[in-house]
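Asks: So I've got this file, final_38.cif, and it contains mmCIF, C-alpha atoms:
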```
data_upload
#
loop_
_atom_site.group_PDB
_atom_site.id
_atom_site.type_symbol
_atom_site.label_atom_id
_atom_site.label_comp_id
_atom_site.auth_asym_id
_atom_site.auth_seq_id
_atom_site.Cartn_x
_atom_site.Cartn_y
_atom_site.Cartn_z
ATOM 1 C CA MET A 1 0.000 0.000 0.000
ATOM 2 C CA THR A 2 1.355 3.433 -0.937
ATOM 3 C CA GLN A 3 2.233 5.660 2.006
ATOM 4 C CA VAL A 4 0.760 9.145 1.631
ATOM 5 C CA THR A 5 3.100 11.919 2.803
ATOM 6 C CA GLU A 6 1.314 14.585 4.811
ATOM 7 C CA VAL A 7 1.899 18.246 5.628
ATOM 8 C CA SER A 8 0.947 19.510 9.077
ATOM 9 C CA LEU A 9 -0.961 22.808 9.297
ATOM 10 C CA HIS A 10 -1.644 24.715 12.510
ATOM 11 C CA VAL A 11 -5.231 25.905 12.110
ATOM 12 C CA LYS A 12 -7.160 28.332 14.299
ATOM 13 C CA CYS A 13 -10.945 28.451 14.061
ATOM 14 C CA PRO A 14 -11.825 32.015 12.938
ATOM 15 C CA ILE A 15 -15.077 31.862 14.924
ATOM 16 C CA CYS A 16 -14.263 30.425 18.351
ATOM 17 C CA GLY A 17 -10.461 30.620 18.304
ATOM 18 C CA LEU A 18 -9.830 26.940 19.050
ATOM 19 C CA GLU A 19 -6.499 25.775 17.600
ATOM 20 C CA LYS A 20 -5.401 22.384 16.309
ATOM 21 C CA ASP A 21 -2.829 20.786 14.015
ATOM 22 C CA ILE A 22 -4.321 18.985 11.014
ATOM 23 C CA ASN A 23 -2.634 16.890 8.337
ATOM 24 C CA VAL A 24 -3.108 17.490 4.612
ATOM 25 C CA PRO A 25 -1.778 15.159 1.879
ATOM 26 C CA ALA A 26 1.416 16.607 0.389
ATOM 27 C CA TYR A 27 0.289 15.875 -3.180
ATOM 28 C CA VAL A 28 -2.391 18.551 -2.791
ATOM 29 C CA PHE A 29 0.400 21.136 -2.763
ATOM 30 C CA GLU A 30 2.268 19.425 -5.596
ATOM 31 C CA SER A 31 -0.739 19.882 -7.889
ATOM 32 C CA LYS A 32 -0.823 23.645 -7.270
ATOM 33 C CA GLN A 33 2.104 25.509 -8.786
ATOM 34 C CA PHE A 34 1.032 29.038 -7.824
ATOM 35 C CA GLY A 35 -1.730 30.920 -6.031
ATOM 36 C CA ALA A 36 -3.569 29.766 -2.930
ATOM 37 C CA LEU A 37 -5.203 26.448 -2.168
ATOM 38 C CA LYS A 38 -8.747 26.510 -0.811
ATOM 39 C CA ILE A 39 -9.114 23.782 1.813
ATOM 40 C CA GLN A 40 -12.393 23.083 3.552
ATOM 41 C CA ILE A 41 -12.262 22.410 7.277
ATOM 42 C CA PRO A 42 -15.386 20.465 8.274
ATOM 43 C CA LYS A 43 -16.950 20.392 11.707
ATOM 44 C CA GLY A 44 -14.978 18.242 14.102
ATOM 45 C CA SER A 45 -11.615 18.737 12.390
ATOM 46 C CA VAL A 46 -10.578 21.725 14.514
ATOM 47 C CA CYS A 47 -13.608 22.418 16.686
ATOM 48 C CA ALA A 48 -16.919 20.653 17.117
ATOM 49 C CA GLU A 49 -19.221 23.495 16.091
ATOM 50 C CA HIS A 50 -17.746 25.287 13.077
ATOM 51 C CA GLN A 51 -16.704 24.683 9.495
ATOM 52 C CA PHE A 52 -14.729 27.123 7.374
ATOM 53 C CA LEU A 53 -12.249 27.503 4.526
ATOM 54 C CA ILE A 54 -8.542 28.173 4.787
ATOM 55 C CA TYR A 55 -6.396 29.629 2.021
ATOM 56 C CA VAL A 56 -2.920 28.106 1.998
ATOM 57 C CA ASP A 57 0.013 29.054 -0.220
ATOM 58 C CA THR A 58 2.139 26.452 -1.984
ATOM 59 C CA LYS A 59 4.640 26.479 0.894
ATOM 60 C CA GLY A 60 1.992 25.448 3.412
ATOM 61 C CA ASN A 61 1.463 28.872 5.004
ATOM 62 C CA ILE A 62 -2.124 29.789 5.893
ATOM 63 C CA ARG A 63 -2.848 33.185 4.341
ATOM 64 C CA SER A 64 -6.490 33.744 5.262
ATOM 65 C CA TYR A 65 -9.705 32.194 6.531
ATOM 66 C CA GLU A 66 -13.299 32.330 5.339
ATOM 67 C CA THR A 67 -16.294 31.426 7.456
ATOM 68 C CA SER A 68 -19.425 29.765 6.109
ATOM 69 C CA ASP A 69 -23.040 29.930 7.219
ATOM 70 C CA PHE A 70 -23.725 26.689 5.411
ATOM 71 C CA HIS A 71 -24.820 23.888 7.741
ATOM 72 C CA LEU A 72 -24.977 20.245 6.794
ATOM 73 C CA PRO A 73 -27.161 17.573 8.294
ATOM 74 C CA THR A 74 -25.406 14.510 9.663
ATOM 75 C CA ALA A 75 -24.054 12.538 6.726
ATOM 76 C CA ILE A 76 -25.207 8.978 6.246
ATOM 77 C CA LYS A 77 -22.541 6.398 5.488
ATOM 78 C CA HIS A 78 -22.548 4.998 1.979
ATOM 79 C CA GLU A 79 -23.486 1.350 1.598
ATOM 80 C CA GLU A 80 -21.698 -0.362 -1.259
ATOM 81 C CA LYS A 81 -24.756 -2.220 -2.493
ATOM 82 C CA LYS A 82 -26.871 0.886 -3.012
ATOM 83 C CA ALA A 83 -27.866 1.443 -6.615
ATOM 84 C CA LEU A 84 -28.015 5.181 -6.005
ATOM 85 C CA LEU A 85 -26.170 7.515 -3.671
ATOM 86 C CA LYS A 86 -28.083 10.183 -1.799
ATOM 87 C CA ILE A 87 -26.635 13.653 -2.184
ATOM 88 C CA THR A 88 -26.347 13.711 1.593
ATOM 89 C CA ASP A 89 -24.031 10.712 1.388
ATOM 90 C CA PHE A 90 -21.872 12.281 -1.316
ATOM 91 C CA VAL A 91 -21.451 15.425 0.791
ATOM 92 C CA GLY A 92 -20.471 13.150 3.648
ATOM 93 C CA MET A 93 -17.774 11.611 1.453
ATOM 94 C CA VAL A 94 -16.069 14.703 0.007
ATOM 95 C CA GLY A 95 -17.517 17.659 1.927
ATOM 96 C CA GLU A 96 -19.643 20.672 1.077
ATOM 97 C CA PHE A 97 -17.101 22.788 -0.819
ATOM 98 C CA ALA A 98 -16.063 19.932 -3.109
ATOM 99 C CA THR A 99 -19.734 19.121 -3.756
ATOM 100 C CA LEU A 100 -20.391 22.732 -4.786
ATOM 101 C CA ASN A 101 -17.506 22.450 -7.247
ATOM 102 C CA VAL A 102 -18.991 19.205 -8.595
ATOM 103 C CA ILE A 103 -22.389 20.856 -9.145
ATOM 104 C CA HIS A 104 -20.642 23.726 -10.926
ATOM 105 C CA ALA A 105 -18.783 21.286 -13.188
ATOM 106 C CA LEU A 106 -22.040 19.424 -13.893
ATOM 107 C CA LEU A 107 -23.720 22.648 -14.977
ATOM 108 C CA LEU A 108 -20.844 23.408 -17.346
ATOM 109 C CA ASP A 109 -20.686 19.762 -18.528
ATOM 110 C CA LEU A 110 -16.986 19.449 -17.731
ATOM 111 C CA PRO A 111 -15.148 16.188 -16.952
ATOM 112 C CA ILE A 112 -14.980 15.312 -13.241
ATOM 113 C CA TYR A 113 -12.277 13.120 -11.711
ATOM 114 C CA LEU A 114 -12.228 11.691 -8.204
ATOM 115 C CA VAL A 115 -8.642 10.856 -7.257
ATOM 116 C CA GLN A 116 -8.162 7.915 -4.903
ATOM 117 C CA THR A 117 -4.931 6.918 -3.159
ATOM 118 C CA LYS A 118 -6.187 3.508 -2.021
ATOM 119 C CA PHE A 119 -6.923 1.924 -5.357
ATOM 120 C CA ASP A 120 -9.058 -1.210 -5.006
ATOM 121 C CA PRO A 121 -10.249 -1.620 -8.637
ATOM 122 C CA GLU A 122 -13.320 -3.717 -7.857
ATOM 123 C CA MET A 123 -14.595 -1.481 -5.063
ATOM 124 C CA LEU A 124 -13.864 1.736 -6.956
ATOM 125 C CA GLU A 125 -15.508 0.437 -10.118
ATOM 126 C CA GLN A 126 -18.688 -0.133 -8.115
ATOM 127 C CA MET A 127 -18.407 3.309 -6.517
ATOM 128 C CA GLU A 128 -17.864 4.968 -9.906
ATOM 129 C CA LYS A 129 -20.892 3.162 -11.319
ATOM 130 C CA THR A 130 -23.032 4.158 -8.340
ATOM 131 C CA ILE A 131 -22.060 7.833 -8.563
ATOM 132 C CA ASN A 132 -22.700 7.965 -12.315
ATOM 133 C CA ASN A 133 -26.047 6.186 -11.910
ATOM 134 C CA THR A 134 -26.915 8.824 -9.334
ATOM 135 C CA LEU A 135 -25.920 11.716 -11.606
ATOM 136 C CA THR A 136 -27.900 10.216 -14.490
ATOM 137 C CA ALA A 137 -30.956 9.913 -12.262
ATOM 138 C CA LEU A 138 -30.576 13.433 -10.868
ATOM 139 C CA LEU A 139 -30.115 15.372 -14.090
ATOM 140 C CA PRO A 140 -33.220 16.119 -16.187
ATOM 141 C CA GLY A 141 -33.273 14.750 -19.729
ATOM 142 C CA PHE A 142 -32.503 18.135 -21.274
ATOM 143 C CA PHE A 143 -29.449 18.516 -19.019
ATOM 144 C CA LYS A 144 -27.675 15.215 -19.605
ATOM 145 C CA ASN A 145 -23.906 15.370 -19.452
ATOM 146 C CA HIS A 146 -21.462 14.079 -22.035
ATOM 147 C CA ASN A 147 -18.841 13.223 -19.420
ATOM 148 C CA ASP A 148 -19.132 10.497 -16.804
ATOM 149 C CA LEU A 149 -17.369 11.008 -13.501
ATOM 150 C CA ARG A 150 -14.219 8.895 -13.396
ATOM 151 C CA ILE A 151 -12.277 7.572 -10.428
ATOM 152 C CA ILE A 152 -8.539 7.607 -11.098
ATOM 153 C CA ASP A 153 -5.299 7.151 -9.184
ATOM 154 C CA ARG A 154 -2.695 9.856 -8.634
ATOM 155 C CA LYS A 155 -0.465 8.643 -11.461
ATOM 156 C CA GLU A 156 -3.213 9.360 -13.982
ATOM 157 C CA LEU A 157 -3.754 12.789 -12.433
ATOM 158 C CA TYR A 158 -0.214 13.792 -13.384
ATOM 159 C CA GLY A 159 -1.228 13.538 -17.043
ATOM 160 C CA PHE A 160 -3.382 16.649 -16.650
ATOM 161 C CA ARG A 161 -2.358 20.297 -16.484
ATOM 162 C CA GLN A 162 -3.659 22.986 -14.156
ATOM 163 C CA THR A 163 -5.062 24.805 -17.198
ATOM 164 C CA ASP A 164 -7.170 21.841 -18.382
ATOM 165 C CA LEU A 165 -10.948 22.326 -18.355
ATOM 166 C CA ILE A 166 -11.609 19.606 -15.799
ATOM 167 C CA LEU A 167 -12.453 19.269 -12.127
ATOM 168 C CA ALA A 168 -10.257 16.923 -10.091
ATOM 169 C CA ILE A 169 -10.856 16.319 -6.388
ATOM 170 C CA ASP A 170 -9.532 13.659 -4.064
ATOM 171 C CA GLN A 171 -11.344 11.418 -1.597
ATOM 172 C CA PHE A 172 -10.758 13.981 1.159
ATOM 173 C CA GLY A 173 -12.511 16.722 -0.832
ATOM 174 C CA TYR A 174 -9.366 18.675 -1.699
ATOM 175 C CA ILE A 175 -9.597 20.530 -5.013
ATOM 176 C CA LEU A 176 -6.622 19.445 -7.116
ATOM 177 C CA ILE A 177 -7.487 20.953 -10.510
ATOM 178 C CA CYS A 178 -10.264 23.343 -11.469
ATOM 179 C CA PRO A 179 -10.434 26.048 -14.161
ATOM 180 C CA TRP A 180 -12.260 28.628 -12.046
ATOM 181 C CA GLU A 181 -11.495 30.860 -9.077
ATOM 182 C CA ILE A 182 -14.804 30.960 -7.217
ATOM 183 C CA ASN A 183 -15.022 31.468 -3.468
ATOM 184 C CA LYS A 184 -18.798 31.530 -3.127
ATOM 185 C CA PHE A 185 -21.036 29.429 -5.363
ATOM 186 C CA GLU A 186 -24.301 31.338 -4.913
ATOM 187 C CA ILE A 187 -26.598 29.349 -7.213
ATOM 188 C CA GLU A 188 -25.008 25.972 -6.499
ATOM 189 C CA GLN A 189 -25.197 26.597 -2.761
ATOM 190 C CA GLU A 190 -28.882 27.502 -3.022
ATOM 191 C CA ILE A 191 -29.497 24.213 -4.845
ATOM 192 C CA LEU A 192 -27.514 22.173 -2.334
ATOM 193 C CA GLU A 193 -29.112 23.791 0.707
ATOM 194 C CA LYS A 194 -32.623 23.019 -0.544
ATOM 195 C CA VAL A 195 -31.748 19.452 -1.516
ATOM 196 C CA LEU A 196 -30.079 18.657 1.806
ATOM 197 C CA LYS A 197 -33.200 19.599 3.724
ATOM 198 C CA LEU A 198 -34.595 16.306 2.425
ATOM 199 C CA ASP A 199 -33.329 12.851 3.326
ATOM 200 C CA ASP A 200 -35.159 10.757 0.730
ATOM 201 C CA PHE A 201 -33.409 10.424 -2.644
ATOM 202 C CA LYS A 202 -36.650 10.672 -4.631
ATOM 203 C CA GLN A 203 -37.475 13.959 -2.922
ATOM 204 C CA GLN A 204 -33.921 15.211 -3.432
ATOM 205 C CA LYS A 205 -34.204 14.325 -7.113
ATOM 206 C CA ILE A 206 -37.502 16.201 -7.531
ATOM 207 C CA ILE A 207 -36.152 19.394 -5.952
ATOM 208 C CA PHE A 208 -32.850 19.153 -7.839
ATOM 209 C CA GLN A 209 -34.648 18.778 -11.172
ATOM 210 C CA GLN A 210 -37.115 21.559 -10.401
ATOM 211 C CA LEU A 211 -34.284 23.978 -9.660
ATOM 212 C CA LEU A 212 -32.382 22.950 -12.791
ATOM 213 C CA THR A 213 -35.544 23.321 -14.881
ATOM 214 C CA THR A 214 -35.933 26.914 -13.678
ATOM 215 C CA PHE A 215 -32.273 27.566 -14.432
ATOM 216 C CA PHE A 216 -32.676 26.013 -17.890
ATOM 217 C CA ARG A 217 -35.589 28.364 -18.636
ATOM 218 C CA LYS A 218 -33.256 31.271 -17.934
ATOM 219 C CA LEU A 219 -30.627 29.772 -20.227
ATOM 220 C CA ASN A 220 -33.189 29.488 -23.029
ATOM 221 C CA TYR A 221 -34.367 33.029 -22.396
ATOM 222 C CA VAL A 222 -30.849 34.438 -22.698
ATOM 223 C CA GLY A 223 -30.140 32.176 -25.676
ATOM 224 C CA ASP A 224 -33.140 33.649 -27.512
ATOM 225 C CA LEU A 225 -31.965 37.174 -26.707
ATOM 226 C CA LEU A 226 -28.538 36.367 -28.144
ATOM 227 C CA LEU A 227 -30.210 35.462 -31.437
ATOM 228 C CA LYS A 228 -32.347 38.601 -31.571
ATOM 229 C CA GLN A 229 -30.108 41.376 -30.243
ATOM 230 C CA GLU A 230 -26.737 42.764 -31.203
ATOM 231 C CA VAL A 231 -25.831 43.771 -27.657
ATOM 232 C CA ILE A 232 -27.364 42.772 -24.322
ATOM 233 C CA SER A 233 -26.813 45.029 -21.341
ATOM 234 C CA ILE A 234 -26.238 43.195 -18.065
ATOM 235 C CA ASP A 235 -28.389 45.761 -16.249
ATOM 236 C CA ASP A 236 -31.204 45.297 -18.770
ATOM 237 C CA LEU A 237 -30.860 41.530 -18.477
ATOM 238 C CA LYS A 238 -31.223 41.745 -14.702
ATOM 239 C CA SER A 239 -34.363 43.862 -15.131
ATOM 240 C CA GLU A 240 -35.814 41.338 -17.572
ATOM 241 C CA PHE A 241 -35.106 38.494 -15.148
ATOM 242 C CA LYS A 242 -36.886 40.321 -12.343
ATOM 243 C CA LYS A 243 -39.986 40.778 -14.501
ATOM 244 C CA THR A 244 -40.005 37.461 -16.344
ATOM 245 C CA PHE A 245 -38.984 35.164 -13.486
ATOM 246 C CA MET A 246 -40.339 37.324 -10.646
ATOM 247 C CA GLN A 247 -36.971 37.586 -8.915
ATOM 248 C CA LYS A 248 -36.389 40.216 -6.276
ATOM 249 C CA ARG A 249 -32.640 40.116 -6.813
ATOM 250 C CA VAL A 250 -30.411 39.029 -9.683
ATOM 251 C CA SER A 251 -26.741 38.778 -8.762
ATOM 252 C CA ASN A 252 -23.725 39.285 -10.977
ATOM 253 C CA TYR A 253 -22.769 35.709 -10.146
ATOM 254 C CA GLU A 254 -26.000 34.365 -11.650
ATOM 255 C CA ILE A 255 -25.382 36.263 -14.888
ATOM 256 C CA GLU A 256 -21.777 35.049 -15.051
ATOM 257 C CA LEU A 257 -22.878 31.470 -14.374
ATOM 258 C CA ILE A 258 -25.445 31.634 -17.175
ATOM 259 C CA LYS A 259 -22.777 32.969 -19.525
ATOM 260 C CA ALA A 260 -20.388 30.184 -18.498
ATOM 261 C CA VAL A 261 -22.994 27.433 -18.999
ATOM 262 C CA LEU A 262 -24.023 28.819 -22.392
ATOM 263 C CA THR A 263 -20.354 29.004 -23.397
ATOM 264 C CA HIS A 264 -19.154 25.601 -22.206
ATOM 265 C CA ARG A 265 -22.231 23.379 -22.325
ATOM 266 C CA PHE A 266 -24.048 24.861 -25.316
ATOM 267 C CA LYS A 267 -21.067 26.395 -27.173
ATOM 268 C CA LYS A 268 -22.765 29.787 -27.483
ATOM 269 C CA ASP A 269 -20.969 33.075 -28.057
ATOM 270 C CA THR A 270 -21.896 35.256 -25.076
ATOM 271 C CA SER A 271 -19.720 38.238 -26.000
ATOM 272 C CA LYS A 272 -22.899 40.232 -26.742
ATOM 273 C CA ILE A 273 -23.633 40.351 -23.003
ATOM 274 C CA GLN A 274 -21.820 43.480 -21.875
ATOM 275 C CA GLN A 275 -21.734 46.103 -19.180
ATOM 276 C CA LYS A 276 -24.128 48.992 -19.799
ATOM 277 C CA ALA A 277 -21.384 51.598 -19.548
ATOM 278 C CA PHE A 278 -19.559 49.904 -22.398
ATOM 279 C CA ASN A 279 -22.740 49.790 -24.461
ATOM 280 C CA LYS A 280 -23.269 53.534 -24.087
ATOM 281 C CA LEU A 281 -19.670 54.187 -25.089
ATOM 282 C CA LYS A 282 -20.116 51.969 -28.122
ATOM 283 C CA GLU A 283 -23.297 53.819 -29.126
ATOM 284 C CA SER A 284 -21.540 57.178 -28.802
ATOM 285 C CA LEU A 285 -18.825 56.015 -31.194
ATOM 286 C CA TRP A 286 -21.403 55.461 -33.922
#
```
I'd like the structure from this file rewritten - as structure tokens, please.

Replies:
Amino acid sequence: MTQVTEVSLHVKCPICGLEKDINVPAYVFESKQFGALKIQIPKGSVCAEHQFLIYVDTKGNIRSYETSDFHLPTAIKHEEKKALLKITDFVGMVGEFATLNVIHALLLDLPIYLVQTKFDPEMLEQMEKTINNTLTALLPGFFKNHNDLRIIDRKELYGFRQTDLILAIDQFGYILICPWEINKFEIEQEILEKVLKLDDFKQQKIIFQQLLTTFFRKLNYVGDLLLKQEVISIDDLKSEFKKTFMQKRVSNYEIELIKAVLTHRFKKDTSKIQQKAFNKLKESLW
């Protein structure tokens, strides 16, 4: 069995101040050549009551902390013989932050890799099949993905680059490769919070599909606008969303997520969606 080298980090809870040393696999740092690593600290790792994120540089120095108001119900252990995996169970396996990244990758239809250090082919083949069966069951027909989640070992991970359009996480929930720099997944977190209020998979599936259906309506709406208009102002788009979908608030993140999904999943050119100030400048030039 391969021995995993670990790096010790001295972590202080930013909420209650409790301190503790935790161990992080060294390969997490090897996969990040520059910038800061985002590492989720679940409840019980440092203190019993709080979970938060730490930002660590490539030398293992903690640069900053971020608290989270997101609360998870007690995770249920995965049983190997299950045909489907409840979302609650998946969160219990890899953690909340990694799950939010997975939902983001699913929306964009990007390849997802789960990196395992203990590689039991038979067990992992069953796990991979179970996770993919779950994703197939969760996603509505109009939102089917072209990429199955794959479970790989670390050697295969080294064949990828940090710039590749993939998501790679390990069994501890550490983000090894991702093409985005997002600290707060607003839409994905809203989806996950609503789903995790339910414990039954069928109920989780219904809510998940309802939320994706609403999101898909917005994608279609923007897609139609792209066909009809030369330029779409972000401010005007927000106003249209408020009227059409009866939203009180439309965030910049939601607009950027819609642009990203249209670009990556549906291969649409979203360059027409621009800031209003730029539009006015453009009009004045003509």

Asks: Write out as a VMD selection string each polymer residue whose atoms come within 8 Å of Thr67 (chain A), counting all atoms listed in the file; drop sequence neighbours fewer than 3 positions from it.

Replies: chain A and resid 14 to 15 51 to 53

Asks: Please evaluate the PyMOL selection byres ((chain A and resi 87) around 12) against the structure above and give the resulting residues as number ranges by chain.

Replies: A: 72-78, 84-86, 88-96, 99-100, 102-103, 130-131, 134-135, 137-138, 191-205, 207-208

Asks: To one decimal place, how far is CA of Lys267 (chain A) from CA of Glu128 (chain A) in Å?

Replies: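 A separation of 27.7 Å between them.
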
Asks: Exactly which residues make up the result of the PyMOL selection byres ((chain A and resi 115) around 7) on this file, given as a ChimeraX atom specification?

Replies: /A:113-114,116-117,151-154,168-171

Asks: Nearest to Glu181 (chain A): which of A:Lys129, A:Lys38, A:Arg150, A:His264 is it, counting all atoms listed in the file?

Replies: A:Lys38

Asks: Which residues fall under the PyMOL selection byres ((chain A and resi 183) around 12) in this file, as a PyMOL selection string?

Replies: chain A and resi 36-40+52-55+65-68+97-98+100-101+180-182+184-186+188-189+253
